[in-house]
Amino acid sequence: MDLLVLFINAAVIAGTPYLFGTMGEILTEKSGNLNLGVEGMMFMGAIGGLLSVSLLESGLGVDVAPGLAVLLAVGVSFLAGAAGAFIYSVLVVTFRTQQNVTGLALTIFGVGLGNFLGDFFGRRSDTGIVRISARAGAGFSRLDIPVLSDIPYIGPLFFNYNILVYLGIAMAIVLALFFKYTRIGLNLRAVGENPAAADAASIPVAKYKYAATCIGGGICGIGGMYIIMVTTAGGVWIHNVVAGFGWTSVALVIFASWSPRRAILGSMIFGALRVMPFYFPANQLITVGFISFTMPNIPMQFYAMLPYAMTIFVLIFTSIRPNRETNPPGGLGVNYFREDR
Amino acid sequence: MSWLRSVTDWRISRRKAISFKVACLIRFLAVVGALGIGALVILSLGHNPFAVYWEMVDATFGARIGFNATIRSFIPLLGAALAVGMAFKMRFWNIGAEGQILAGGIAATYFALFHFEAMPRPILLTVMAVAAIIAGGIWGFIPAFFRARWGTNETLFTLMLNYVALRIIMHLQSGPWQSPLFAGFPMMDMFDPVARLPQVFGIHIGWIMVLVVVVLVHFYLAKSKQGYQLSVVGESENTARYAGMNVRRIVMRTMFISGGIAGLSGFWIVSGAHFNLSENTAGGVGFTAIIVAWLAGLKPLYMIPIALLIAVLERGSGRIQTAFGIPATIAEVLIGIILFAMLASEFFIQYRVINAKTAVATNTEAVTDIESTTGGDA
Amino acid sequence: MPAISTRQLTKTFDTVLAVDKVDFDLYHGEILALMGENGSGKTTLMNMLSGIYFPDGGYIEADGQRVTIANPKDAFALGVGMVHQHFKLVETLSATENILLGLPGGFFVDRKSAAAEVAEIIARYGFTLDPNKKIYNMSVSEKQTVEIVKVLYRGATTLILDEPTAVLTPQESDRLFDTLRNMKADGKAIIIITHKLHEVLAVSDRVHVLRKGQTAGIVQTADADRNVLTEMMVGQSVALHIDRPIVENKELRLEVYDLCVRTGDDVLALDSANFILQSGEILGVAGVAGSGQKELCEALAGLCKAQQGAVTFYPEGDWRNRSAAVPEAEDSGRVANGVPAEGVKTIPLLGKSPQEIAELGISLAFVPEDRLGMGLVAGMDMTDNVLLRHYKRGRGPFADRPYSRNLATRLIERLKIATPGVSTVVRRLSGGNVQKVLLGREIASVPRVLIVAYPARGLDVHSAHTIYDLLNEQKQKGVAVLFVGEDLDVLLEISDRIMVLCGGKVTGTVDAATTTKEEVGLLMAQMDAPQAGETN
């Protein structure tokens with residue numbers, strides 16, 4: 001099959017955890033909360049999703065069916081991420097703590113908790129690691145849809161991903177529609193842009209912030225679960241498994257300028273950069289369609305750095321030429337107290 | 001969500017003043033509460049919390065070697081906390097100490113690896129330190145420049161620069177600066193002994209340097225003209241302009257110094273503790289330092305005990321892993337719980353919580369009072 | 001039956017009685033003008049009707065029923081909607097979206113039908129507004145329209161407009177009044193807070209005047225004229241017993257020529273101001289709020305850019321600066337062309353930053369209106385606040401805090417500042433003491449020119465008199481004092497001359513000893529005198 005098709009397919013799969021993290025953080029930031037705890041919430045989601053399946057299996061002594069495993073992992077990782085975001089919300093919205101510091105504390109806590117539980121249950125299990133059965137793991141593998149998946153080009157490009165990829169893209173579309181077409185979405189945007197105005201319009205600002213932050217954290221949690229089930233290890237706990245995905249997602253929010261639609265594209269680009277060196281190794285003759293060329297000698301780390309560098313350029317560019325449509329929410333990072341009005 | 005309603009029923013007002021003693025008591029209770037929650041976690045794992053906590057403390061204070069190890073991780077943590085504390089005082093959210101540490105580490109390593117034979121040891125170490133300060137300073141200056149000039153968001157900018165620095169190191173160690181000794185492994189050479197910091201009382205000299213820096217930063221912030229300027233900018237840019245201060249210049253200067261101190265911390269790590277440069281050089285110190293600085297109320301002298309507390313916890317976690325079989329990562333969980341508790345405690349130090357119902361009740365009383373008088377008039 | 005009325009309504013802030021037992025009535029189908037000077041309690045009274053403040057005493061009736069208005073939602077339920085001076089709009093949303101915010105309804109937003117409803121309201125009352133335009137693309141007047149339509153869309157029957165014309169051009173104001181008349185015809189009850197006389201006469205049916213928190217009078221607009229309203233608003237002259245020492249040998253100190261300042265919104269806030277300021281005099285500046293006082297002070301202090309003009313400083317001791325009497329100086333032609341007489345040493349100030357002005361050795365002190373947000377650092381103690389003026393003092397890298405602490409201690413003694421000590425954070429001090437710290441610091445810098453903006457605002461009588469005494473003392477020392485004030489009684493007693501600003505223009509300068517309150521009051525409203533003549 002064409003190298004390019006394989007590359008795109010791999011890029012989409014590699015980019016999906018970013019998509020979850022970015023969507024979650026977009027939803028959070030739309031309420032005005034800059035939650036730097038994405039990395040921590042992803043860890044919490046990762047360990048939550050993994051343990052839910054693995055503990056059920058060891059508890060019952062049977063292999064869980066793939067469909068149930070997916071449902072369980074999605075549900076529990078969502079709850080785990082949301083729990084982390086809830087701690088953040090209590091501190092920031094109710095106790096008015098500084099957002100950056102609180103987010104970092106959540107990251108320290110979440111990373112610690114994820115690794116701790118992973119190590120702890122690993123020590124307790126017979127094999128020394130936390131893992132899910134191959135049967136359950138099959139739920140996270142590529143779908144093989146009869147006929148559709150086998151169409152040349154179209155199949156691998158559209159119908160050959162794991163179920164979570166479709167879930168992520170569907171959620172991004174739903175999120176975009178939610179912001180644009182629903183009353184709650186409109187109110188939420190007002191809360192993030194100008195909480196004083198939202199308050200004056202009798203929108204319950206604190207409730208919106210709590211809800212958006214917790215649901216956003218839950219979505220980040222699903223992203224963490226994706227990493228452990230798909231990206232790295234296929235359902236085995238690895239120490240420090242999330243390793244920067246959360247921070248990259250925070251960057252992607254800026255890159256996507258707070259738009260779920262652009263988040264889809266952005267996460268695919270970031271995913272592509274991740275797999276690029278494997279599909280287009282330096283100094284090798286590459287053939288794409290009718291074109292052949294020698295890949296220039298670009299260091300591997302350059303691709304890994306590019307997402308951050310691009311984000312910095314986006315930051316600089318948007319501050320030099322502010323555009324109201326792509327600006328961060330007006331109230332981002334600032335806690336709102338009614339007495340101040 | 002009925003609890004939410006009850007939360008919104010409370011009215012919150014800023015405290016007029018709180019005595020230092022009461023504030024300390026609230027903070028102390030927060031730490032005790034957090035350790036209590038931690039004790040429950042330990043208990044649920046089937047261990048005696050007191051024994052576990054005792055082992056954690058003992059890991060640092062029980063033996064010389066443990067103490068030295070704790071101090072080695074304490075030094076850069078304190079240094080980075082001083083760096084970010086200074087920026088935070090100016091309300092510049094520098095969460096890029098991690099990257100500034102790495103930038104300093106890269107610059108110091110360059111001289112350690114490639115010019116260690118070119119100069120005598122004191123000069124070499126001085127050059128490494130100065131290079132680290134300049135490199136870290138530049139890494140801090142870049143976002144400050146854009147923030148001062150165009151208002152570019154410094155939180156996200158400094159955050160991104162962490163990863164740029166990290167990737168530069170990963171590139172260097174897997175290519176240009178890769179050691180020929182570890183065939184194929186992305187690693188750099190260990191520093192030649194001349195490029196390592198000398199020891200005083202068994203710990204590298206960085207501990208003296210960091211204490212000097214604490215004193216310097218303390219005086220800089222509390223006594224100097226520049227320190228005064230950055231405090232005014234942090235409190236109110238409007239007032240700073242009113243007083244004729246050049247806000248842009250102050251922001252850029254402060255961030256150069258802040259980044260420089262973080263860079264110096266990177267030098268201590270590579271030249272005093274690890275003796276080489278790797279992607280683990282900073283290892284989250286830059287992030288933990290933010291917490292240290294914040295919990296210390298951005299006051300340099302208070303950062304010493306807090307940085308020490310966290311270093312002791314981290315050190316102790318390694319011990320309980322071997323002694324009790326509890327994974328070492330529990331330290332981060334404990335630190336996280338303590339952080340949450342201390343953050344929340346600040347709220348109770350700054351605000352009073354009044355039940356809105358009682359407050360409204362007094363209002364309606366006043367209304368009925370007036371009503372009865374006017375009723376009499378009619 | 002009144003649409004809304006208050007009986008004995010009272011509200012206190014700390015110790016200040018903002019609204020004091022006010023009886024107030026508003027009827028359906030009328031436009032009521034609520035007038036009063038700054039601090040007379042207009043906005044506080046209206047904020048109680050719209051649920052932002054809760055009264056301390058008295059009660060509110062709506063359509064004859066006694067009601068409790070605890071929050072804006074309660075007010076909306078009674079059909080009371082307020083359009084604030086500061087708009088509460090979400091910039092990135094469209095007019096329709098802003099209007100829909102927070103309203104109950106279906107899960108999805110039906111922008112089309114909502115926009116149609118909004119368009120219907122726009123058409124009914126004759127507004128000009130595109131319902132789909134984003135707020136950030138709108139002019140100030142359009143934004144105000146959105147706020148008004150928002151209130152109407154929510155079914156308000158009583159509208160409160162807080163100084164709606166403050167941000168509008170005369171043409172925009174006229175258009176607004178047309179729509180208000182349409183609403184009145186529709187049976188709405190409308191309150192318009194203003195202190196512009198001609199607008200009151202042009203648009204209102206009745207006038208309710210507040211003075212110092214109390215009702216000063218209620219008249220039918222048809223029975224009122226400019227003089228009656230001015231007198232009601234400013235009241236009888238009250239003797240305050242503030243000294244006005246006479247200083248001999250005044251010198252020309254500051255000359256302002258054709259000074260124009262535009263604000264960020266590109267409004268011409270100060271329009272070609274010409275005046276002089278002499279040593280040993282207090283030049284009072286009168287005018288309703290927002291007539292260009294802030295821009296004038298900040299331009300003189302080097303804090304905001306001026307579009308054109310010149311500010312010239314005349315150093316001390318040059319006999320040629322001496323002018324026996326003011327009119328002569330004004331007639332001499334210096335002021336008219338901004339070119340000093342030959343041989344006189346002068347220093348142009350405009351375009352220089354505060355730092356550059358200080359480096360020229362010119363001691364120019366400024367007590368801004370925003371004491372804790374600009375003049376002082378609220379979160380710092382008194383020592384550090386006193387340090388702000390001279391932190392660069394001395395060689396070496398360290399700030400001279402002992403000097404500052406010493407000075408702060410002396411200020412506490414001399415000005416009788418009530419504070420636990422020099423290390424108490426100034427935010428914790430009372431308003432009067434905050435002002436003493438600020439003014440004391442500025443005076444301690446031995447200024448040649450002292451600009452003070454609303455120095456006695458929010459202060460009790462005793463503190464206010466301390467401040468006036470301090471200003472007089474400075475004047476006697478030969479300092480040129482520019483006193484921006486709002487209380488005409490004070491200005492009349494303390495100033496040597498009073499310059500009146502109106503709409504950014506200097507409408508007149510009068511001798512404070514011989515002028516009357518009415519004369520100043522009329523100058524404060526002079527810009528619109530011809531317009532008012534037309535409507536009469």
# chains A, B, ... in the order shown; residues from 1 in each chain; ligands from 1
>>> residues_around(residues="stretch 133-136 of chain C", least_positions_apart="3", cutoff="12 Å", atoms="only C-alpha atoms", output="PDB file with N, CA and C atoms, in the first residue's frame")
ATOM      1  N   ASN A 323      -6.715  38.680  17.032  1.00  0.00           N
ATOM      2  CA  ASN A 323      -7.926  38.483  16.251  1.00  0.00           C
ATOM      3  C   ASN A 323      -8.970  37.963  17.232  1.00  0.00           C
ATOM      4  N   ARG A 324     -10.074  38.689  17.307  1.00  0.00           N
ATOM      5  CA  ARG A 324     -11.060  38.349  18.326  1.00  0.00           C
ATOM      6  C   ARG A 324     -11.547  36.912  18.237  1.00  0.00           C
ATOM      7  N   GLU A 325     -11.545  36.373  17.039  1.00  0.00           N
ATOM      8  CA  GLU A 325     -12.117  35.037  16.877  1.00  0.00           C
ATOM      9  C   GLU A 325     -11.181  33.957  17.384  1.00  0.00           C
TER      10      GLU A 325
ATOM     11  N   PHE C  87     -20.872  48.751  30.303  1.00  0.00           N
ATOM     12  CA  PHE C  87     -21.667  47.721  29.659  1.00  0.00           C
ATOM     13  C   PHE C  87     -21.204  46.351  30.100  1.00  0.00           C
ATOM     14  N   LYS C  88     -22.171  45.463  30.268  1.00  0.00           N
ATOM     15  CA  LYS C  88     -21.823  44.091  30.617  1.00  0.00           C
ATOM     16  C   LYS C  88     -22.161  43.211  29.430  1.00  0.00           C
ATOM     17  N   LEU C  89     -21.283  43.239  28.448  1.00  0.00           N
ATOM     18  CA  LEU C  89     -21.514  42.502  27.219  1.00  0.00           C
ATOM     19  C   LEU C  89     -20.326  41.591  26.934  1.00  0.00           C
ATOM     20  N   VAL C  90     -20.603  40.482  26.279  1.00  0.00           N
ATOM     21  CA  VAL C  90     -19.543  39.564  25.878  1.00  0.00           C
ATOM     22  C   VAL C  90     -19.106  39.950  24.469  1.00  0.00           C
ATOM     23  N   GLU C  91     -17.878  40.434  24.367  1.00  0.00           N
ATOM     24  CA  GLU C  91     -17.410  41.049  23.125  1.00  0.00           C
ATOM     25  C   GLU C  91     -17.440  40.107  21.930  1.00  0.00           C
ATOM     26  N   THR C  92     -17.169  38.827  22.164  1.00  0.00           N
ATOM     27  CA  THR C  92     -17.031  37.915  21.025  1.00  0.00           C
ATOM     28  C   THR C  92     -18.376  37.372  20.541  1.00  0.00           C
ATOM     29  N   LEU C  93     -19.433  37.747  21.204  1.00  0.00           N
ATOM     30  CA  LEU C  93     -20.752  37.262  20.774  1.00  0.00           C
ATOM     31  C   LEU C  93     -21.490  38.372  20.030  1.00  0.00           C
ATOM     32  N   SER C  94     -22.517  37.970  19.284  1.00  0.00           N
ATOM     33  CA  SER C  94     -23.293  38.953  18.538  1.00  0.00           C
ATOM     34  C   SER C  94     -24.321  39.606  19.466  1.00  0.00           C
ATOM     35  N   ALA C  95     -24.976  40.637  18.941  1.00  0.00           N
ATOM     36  CA  ALA C  95     -26.000  41.333  19.713  1.00  0.00           C
ATOM     37  C   ALA C  95     -27.070  40.346  20.178  1.00  0.00           C
ATOM     38  N   THR C  96     -27.571  39.555  19.253  1.00  0.00           N
ATOM     39  CA  THR C  96     -28.634  38.610  19.602  1.00  0.00           C
ATOM     40  C   THR C  96     -28.169  37.627  20.654  1.00  0.00           C
ATOM     41  N   GLU C  97     -26.963  37.114  20.466  1.00  0.00           N
ATOM     42  CA  GLU C  97     -26.457  36.130  21.431  1.00  0.00           C
ATOM     43  C   GLU C  97     -26.350  36.742  22.820  1.00  0.00           C
ATOM     44  N   ASN C  98     -25.871  37.982  22.883  1.00  0.00           N
ATOM     45  CA  ASN C  98     -25.785  38.648  24.185  1.00  0.00           C
ATOM     46  C   ASN C  98     -27.161  38.812  24.814  1.00  0.00           C
ATOM     47  N   ILE C  99     -28.126  39.103  23.971  1.00  0.00           N
ATOM     48  CA  ILE C  99     -29.470  39.302  24.491  1.00  0.00           C
ATOM     49  C   ILE C  99     -30.041  37.993  25.024  1.00  0.00           C
ATOM     50  N   ALA C 115     -33.248  36.468  16.512  1.00  0.00           N
ATOM     51  CA  ALA C 115     -32.830  37.671  15.783  1.00  0.00           C
ATOM     52  C   ALA C 115     -34.051  38.405  15.240  1.00  0.00           C
ATOM     53  N   THR C 128     -31.247  51.790  15.743  1.00  0.00           N
ATOM     54  CA  THR C 128     -30.478  51.322  14.593  1.00  0.00           C
ATOM     55  C   THR C 128     -29.476  50.303  15.110  1.00  0.00           C
ATOM     56  N   LEU C 129     -29.649  49.062  14.680  1.00  0.00           N
ATOM     57  CA  LEU C 129     -28.765  48.011  15.181  1.00  0.00           C
ATOM     58  C   LEU C 129     -28.898  46.777  14.304  1.00  0.00           C
ATOM     59  N   ASP C 130     -27.765  46.165  14.015  1.00  0.00           N
ATOM     60  CA  ASP C 130     -27.775  44.891  13.302  1.00  0.00           C
ATOM     61  C   ASP C 130     -27.700  43.781  14.339  1.00  0.00           C
ATOM     62  N   SER C 139     -19.772  50.338  17.759  1.00  0.00           N
ATOM     63  CA  SER C 139     -19.458  51.609  18.395  1.00  0.00           C
ATOM     64  C   SER C 139     -20.088  51.620  19.789  1.00  0.00           C
ATOM     65  N   VAL C 140     -19.668  52.601  20.582  1.00  0.00           N
ATOM     66  CA  VAL C 140     -20.194  52.684  21.940  1.00  0.00           C
ATOM     67  C   VAL C 140     -21.714  52.819  21.913  1.00  0.00           C
ATOM     68  N   SER C 141     -22.199  53.601  20.994  1.00  0.00           N
ATOM     69  CA  SER C 141     -23.638  53.840  20.941  1.00  0.00           C
ATOM     70  C   SER C 141     -24.394  52.561  20.573  1.00  0.00           C
ATOM     71  N   GLU C 142     -23.801  51.761  19.682  1.00  0.00           N
ATOM     72  CA  GLU C 142     -24.449  50.491  19.337  1.00  0.00           C
ATOM     73  C   GLU C 142     -24.475  49.550  20.535  1.00  0.00           C
ATOM     74  N   LYS C 143     -23.364  49.551  21.276  1.00  0.00           N
ATOM     75  CA  LYS C 143     -23.319  48.686  22.453  1.00  0.00           C
ATOM     76  C   LYS C 143     -24.398  49.084  23.451  1.00  0.00           C
ATOM     77  N   GLN C 144     -24.566  50.373  23.601  1.00  0.00           N
ATOM     78  CA  GLN C 144     -25.602  50.835  24.516  1.00  0.00           C
ATOM     79  C   GLN C 144     -26.982  50.376  24.037  1.00  0.00           C
ATOM     80  N   THR C 145     -27.175  50.448  22.723  1.00  0.00           N
ATOM     81  CA  THR C 145     -28.444  49.991  22.172  1.00  0.00           C
ATOM     82  C   THR C 145     -28.670  48.524  22.511  1.00  0.00           C
ATOM     83  N   VAL C 146     -27.606  47.708  22.407  1.00  0.00           N
ATOM     84  CA  VAL C 146     -27.752  46.291  22.737  1.00  0.00           C
ATOM     85  C   VAL C 146     -28.217  46.148  24.183  1.00  0.00           C
ATOM     86  N   GLU C 147     -27.621  46.915  25.077  1.00  0.00           N
ATOM     87  CA  GLU C 147     -28.007  46.827  26.487  1.00  0.00           C
ATOM     88  C   GLU C 147     -29.477  47.196  26.682  1.00  0.00           C
TER      89      GLU C 147
END
>>> select_by_dssp(residues="stretch 221-359 of chain B", states="strand (DSSP E)", output="VMD selection string")
chain B and resid 351 to 355
>>> residues_around(residues="C:Asp225", least_positions_apart="5", cutoff="9 Å", atoms="only C-alpha atoms", output="JSON, numbers by chain")
{"C": [197, 201, 230]}
>>> interface_residues(of="chain C", to="chain B", cutoff="7 Å", atoms="only C-alpha atoms", output="list in words")
Asp56, Gly57, Gly58, Tyr59, Leu303, Ser353, Pro354, Gln355, Gly373, Met374, Gly375, Leu376, Val377, Gly379, Leu388, Arg389, Tyr391, Lys392, Pro397, Phe398, Ala399 and Arg428 of chain C
>>> residues_around(residues="stretch 190-196 of chain A", least_positions_apart="2", cutoff="8 Å", atoms="only C-alpha atoms", output="list in words")
Glu29, Lys30, Ser31, Gly32, Asn33, Leu186, Asn187, Leu188, Ala198, Asp199, Ala200, Ile203, Val205, Tyr208, Lys209, Pro329, Gly330, Gly331, Leu332, Tyr336, Arg338 and Arg341 of chain A; Lys88, Leu89, Val90, Glu91, Thr92 and Leu101 of chain C
>>> write_last_selection(atoms="C-alpha atoms", output="JSON list (two decimals), in the first residue's frame")
[["chain", "number", "residue", "atom", "x", "y", "z"],
["A", 29, "GLU", "CA", -10.67, 26.85, 29.31],
["A", 30, "LYS", "CA", -13.93, 27.94, 27.73],
["A", 31, "SER", "CA", -15.18, 28.32, 31.30],
["A", 32, "GLY", "CA", -12.21, 30.54, 32.13],
["A", 33, "ASN", "CA", -10.24, 27.94, 34.05],
["A", 186, "LEU", "CA", -23.52, 29.94, 24.54],
["A", 187, "ASN", "CA", -23.80, 30.63, 28.26],
["A", 188, "LEU", "CA", -20.57, 28.76, 28.89],
["A", 198, "ALA", "CA", -22.59, 36.32, 32.51],
["A", 199, "ASP", "CA", -23.34, 36.91, 36.16],
["A", 200, "ALA", "CA", -25.31, 40.03, 35.30],
["A", 203, "ILE", "CA", -26.01, 32.71, 34.57],
["A", 205, "VAL", "CA", -21.07, 31.19, 36.90],
["A", 208, "TYR", "CA", -20.83, 26.35, 34.82],
["A", 209, "LYS", "CA", -17.17, 26.44, 35.82],
["A", 329, "PRO", "CA", -11.32, 33.38, 26.35],
["A", 330, "GLY", "CA", -11.27, 36.85, 27.92],
["A", 331, "GLY", "CA", -11.51, 35.63, 31.49],
["A", 332, "LEU", "CA", -8.96, 32.84, 31.15],
["A", 336, "TYR", "CA", -14.13, 35.64, 39.38],
["A", 338, "ARG", "CA", -18.92, 38.71, 42.60],
["A", 341, "ARG", "CA", -18.16, 44.01, 40.27],
["C", 88, "LYS", "CA", -21.82, 44.09, 30.62],
["C", 89, "LEU", "CA", -21.51, 42.50, 27.22],
["C", 90, "VAL", "CA", -19.54, 39.56, 25.88],
["C", 91, "GLU", "CA", -17.41, 41.05, 23.13],
["C", 92, "THR", "CA", -17.03, 37.92, 21.02],
["C", 101, "LEU", "CA", -27.58, 34.94, 27.51]]
>>> select_by_dssp(residues="stretch 160-222 of chain C", states="helix (DSSP H, G or I)", output="VMD selection string")
chain C and resid 164 to 167 170 to 185 197 to 203 221 to 222
>>> residues_around(residues="C:Gly29", least_positions_apart="6", cutoff="12 Å", atoms="only C-alpha atoms", output="PyMOL selection string")
chain C and resi 1-3+157-159+180-191+204-206
>>> write_last_selection(atoms="C-alpha atoms", output="short mmCIF file (atom, residue, chain, number, x, y, z; two decimals), in the first residue's frame")
data_model
loop_
_atom_site.label_atom_id
_atom_site.label_comp_id
_atom_site.auth_asym_id
_atom_site.auth_seq_id
_atom_site.Cartn_x
_atom_site.Cartn_y
_atom_site.Cartn_z
CA MET C 1 -50.54 54.20 40.87
CA PRO C 2 -46.76 54.49 40.52
CA ALA C 3 -44.98 51.76 38.59
CA THR C 157 -41.55 47.76 31.84
CA THR C 158 -39.33 50.01 33.92
CA LEU C 159 -36.02 51.07 32.42
CA LEU C 180 -36.98 56.86 24.70
CA ARG C 181 -40.01 58.87 23.62
CA ASN C 182 -41.22 55.89 21.60
CA MET C 183 -40.88 53.67 24.63
CA LYS C 184 -42.75 56.16 26.74
CA ALA C 185 -45.55 56.18 24.19
CA ASP C 186 -45.57 52.40 24.57
CA GLY C 187 -46.32 52.83 28.28
CA LYS C 188 -42.86 52.13 29.65
CA ALA C 189 -41.63 53.89 32.76
CA ILE C 190 -38.18 55.34 32.20
CA ILE C 191 -35.61 56.80 34.56
CA SER C 204 -38.00 64.38 30.67
CA ASP C 205 -41.51 64.84 32.01
CA ARG C 206 -40.56 65.16 35.62
#
>>> interface_residues(of="chain B", to="chain A", cutoff="8 Å", atoms="only C-alpha atoms", output="VMD selection string")
chain B and resid 4 93 146 150 to 153 156 to 157 160 to 161 163 to 164 167 to 168 170 to 171 287 to 288 290 to 291 294 326 to 337 339 to 340 343 to 344 346 to 347
>>> residues_around(residues="B:His115", least_positions_apart="5", cutoff="12 Å", atoms="only C-alpha atoms", output="CSV table (one decimal) with C-alpha atoms, in the first residue's frame")
chain,number,residue,atom,x,y,z
B,107,ALA,CA,25.7,25.8,28.6
B,108,ALA,CA,27.6,24.4,31.6
B,109,THR,CA,28.0,21.0,30.0
B,110,TYR,CA,29.4,22.5,26.8
B,120,PRO,CA,42.4,25.6,35.4
B,121,ARG,CA,39.7,24.2,37.5
B,123,ILE,CA,38.3,29.2,36.1
B,124,LEU,CA,36.5,26.3,34.4
B,125,LEU,CA,33.9,26.1,37.1
B,127,VAL,CA,33.0,29.9,33.3
B,128,MET,CA,30.5,27.0,33.6
B,191,PHE,CA,32.1,15.1,33.4
B,192,ASP,CA,35.8,15.0,33.9
B,194,VAL,CA,37.9,18.9,37.1
B,195,ALA,CA,34.5,19.9,35.9
>>> closest_residue(among="A:Asn35, A:Ser259, A:Ser202, A:Ser141", to="chain C", atoms="only C-alpha atoms")
A:Ser202
>>> residues_around(residues="A:Ser52", least_positions_apart="3", cutoff="10 Å", atoms="only C-alpha atoms", output="list in words")
Ile47, Gly48, Gly49, Leu55, Leu56, Glu57, Ala69, Leu72, Ala73, Val74, Gly75, Val76, Ser77 and Ile132 of chain A
>>> closest_residue(among="A:Ile286, A:Leu60, A:Ala197, A:Leu177", to="chain C", atoms="only C-alpha atoms")
A:Ala197
>>> closest_residue(among="C:Leu268, C:Arg262, C:Leu26, C:Ser423", to="C:Thr169", atoms="only C-alpha atoms")
C:Leu268
>>> decode(residues="stretch 286-307 of chain A", atoms="C-alpha atoms", output="PDB file, in the first residue's frame")
ATOM      1  CA  ILE A 286      11.136   7.952  -0.243  1.00  0.00           C
ATOM      2  CA  THR A 287       8.581   7.144  -2.893  1.00  0.00           C
ATOM      3  CA  VAL A 288       5.154   8.675  -2.602  1.00  0.00           C
ATOM      4  CA  GLY A 289       3.025   7.993  -5.632  1.00  0.00           C
ATOM      5  CA  PHE A 290       5.069   9.094  -8.606  1.00  0.00           C
ATOM      6  CA  ILE A 291       7.408  11.297  -6.651  1.00  0.00           C
ATOM      7  CA  SER A 292      10.691  10.062  -5.270  1.00  0.00           C
ATOM      8  CA  PHE A 293      12.982  12.099  -3.083  1.00  0.00           C
ATOM      9  CA  THR A 294      15.688  11.694  -0.509  1.00  0.00           C
ATOM     10  CA  MET A 295      14.581  12.688   2.964  1.00  0.00           C
ATOM     11  CA  PRO A 296      16.852  15.429   4.274  1.00  0.00           C
ATOM     12  CA  ASN A 297      18.844  14.734   7.414  1.00  0.00           C
ATOM     13  CA  ILE A 298      16.441  16.130   9.979  1.00  0.00           C
ATOM     14  CA  PRO A 299      17.204  15.046  13.528  1.00  0.00           C
ATOM     15  CA  MET A 300      14.472  12.977  15.110  1.00  0.00           C
ATOM     16  CA  GLN A 301      14.147  15.340  18.047  1.00  0.00           C
ATOM     17  CA  PHE A 302      13.316  18.122  15.649  1.00  0.00           C
ATOM     18  CA  TYR A 303       9.942  16.527  14.992  1.00  0.00           C
ATOM     19  CA  ALA A 304       9.320  16.195  18.696  1.00  0.00           C
ATOM     20  CA  MET A 305      10.197  19.827  19.260  1.00  0.00           C
ATOM     21  CA  LEU A 306       8.135  21.123  16.381  1.00  0.00           C
ATOM     22  CA  PRO A 307       4.750  21.021  18.140  1.00  0.00           C
TER      23      PRO A 307
END
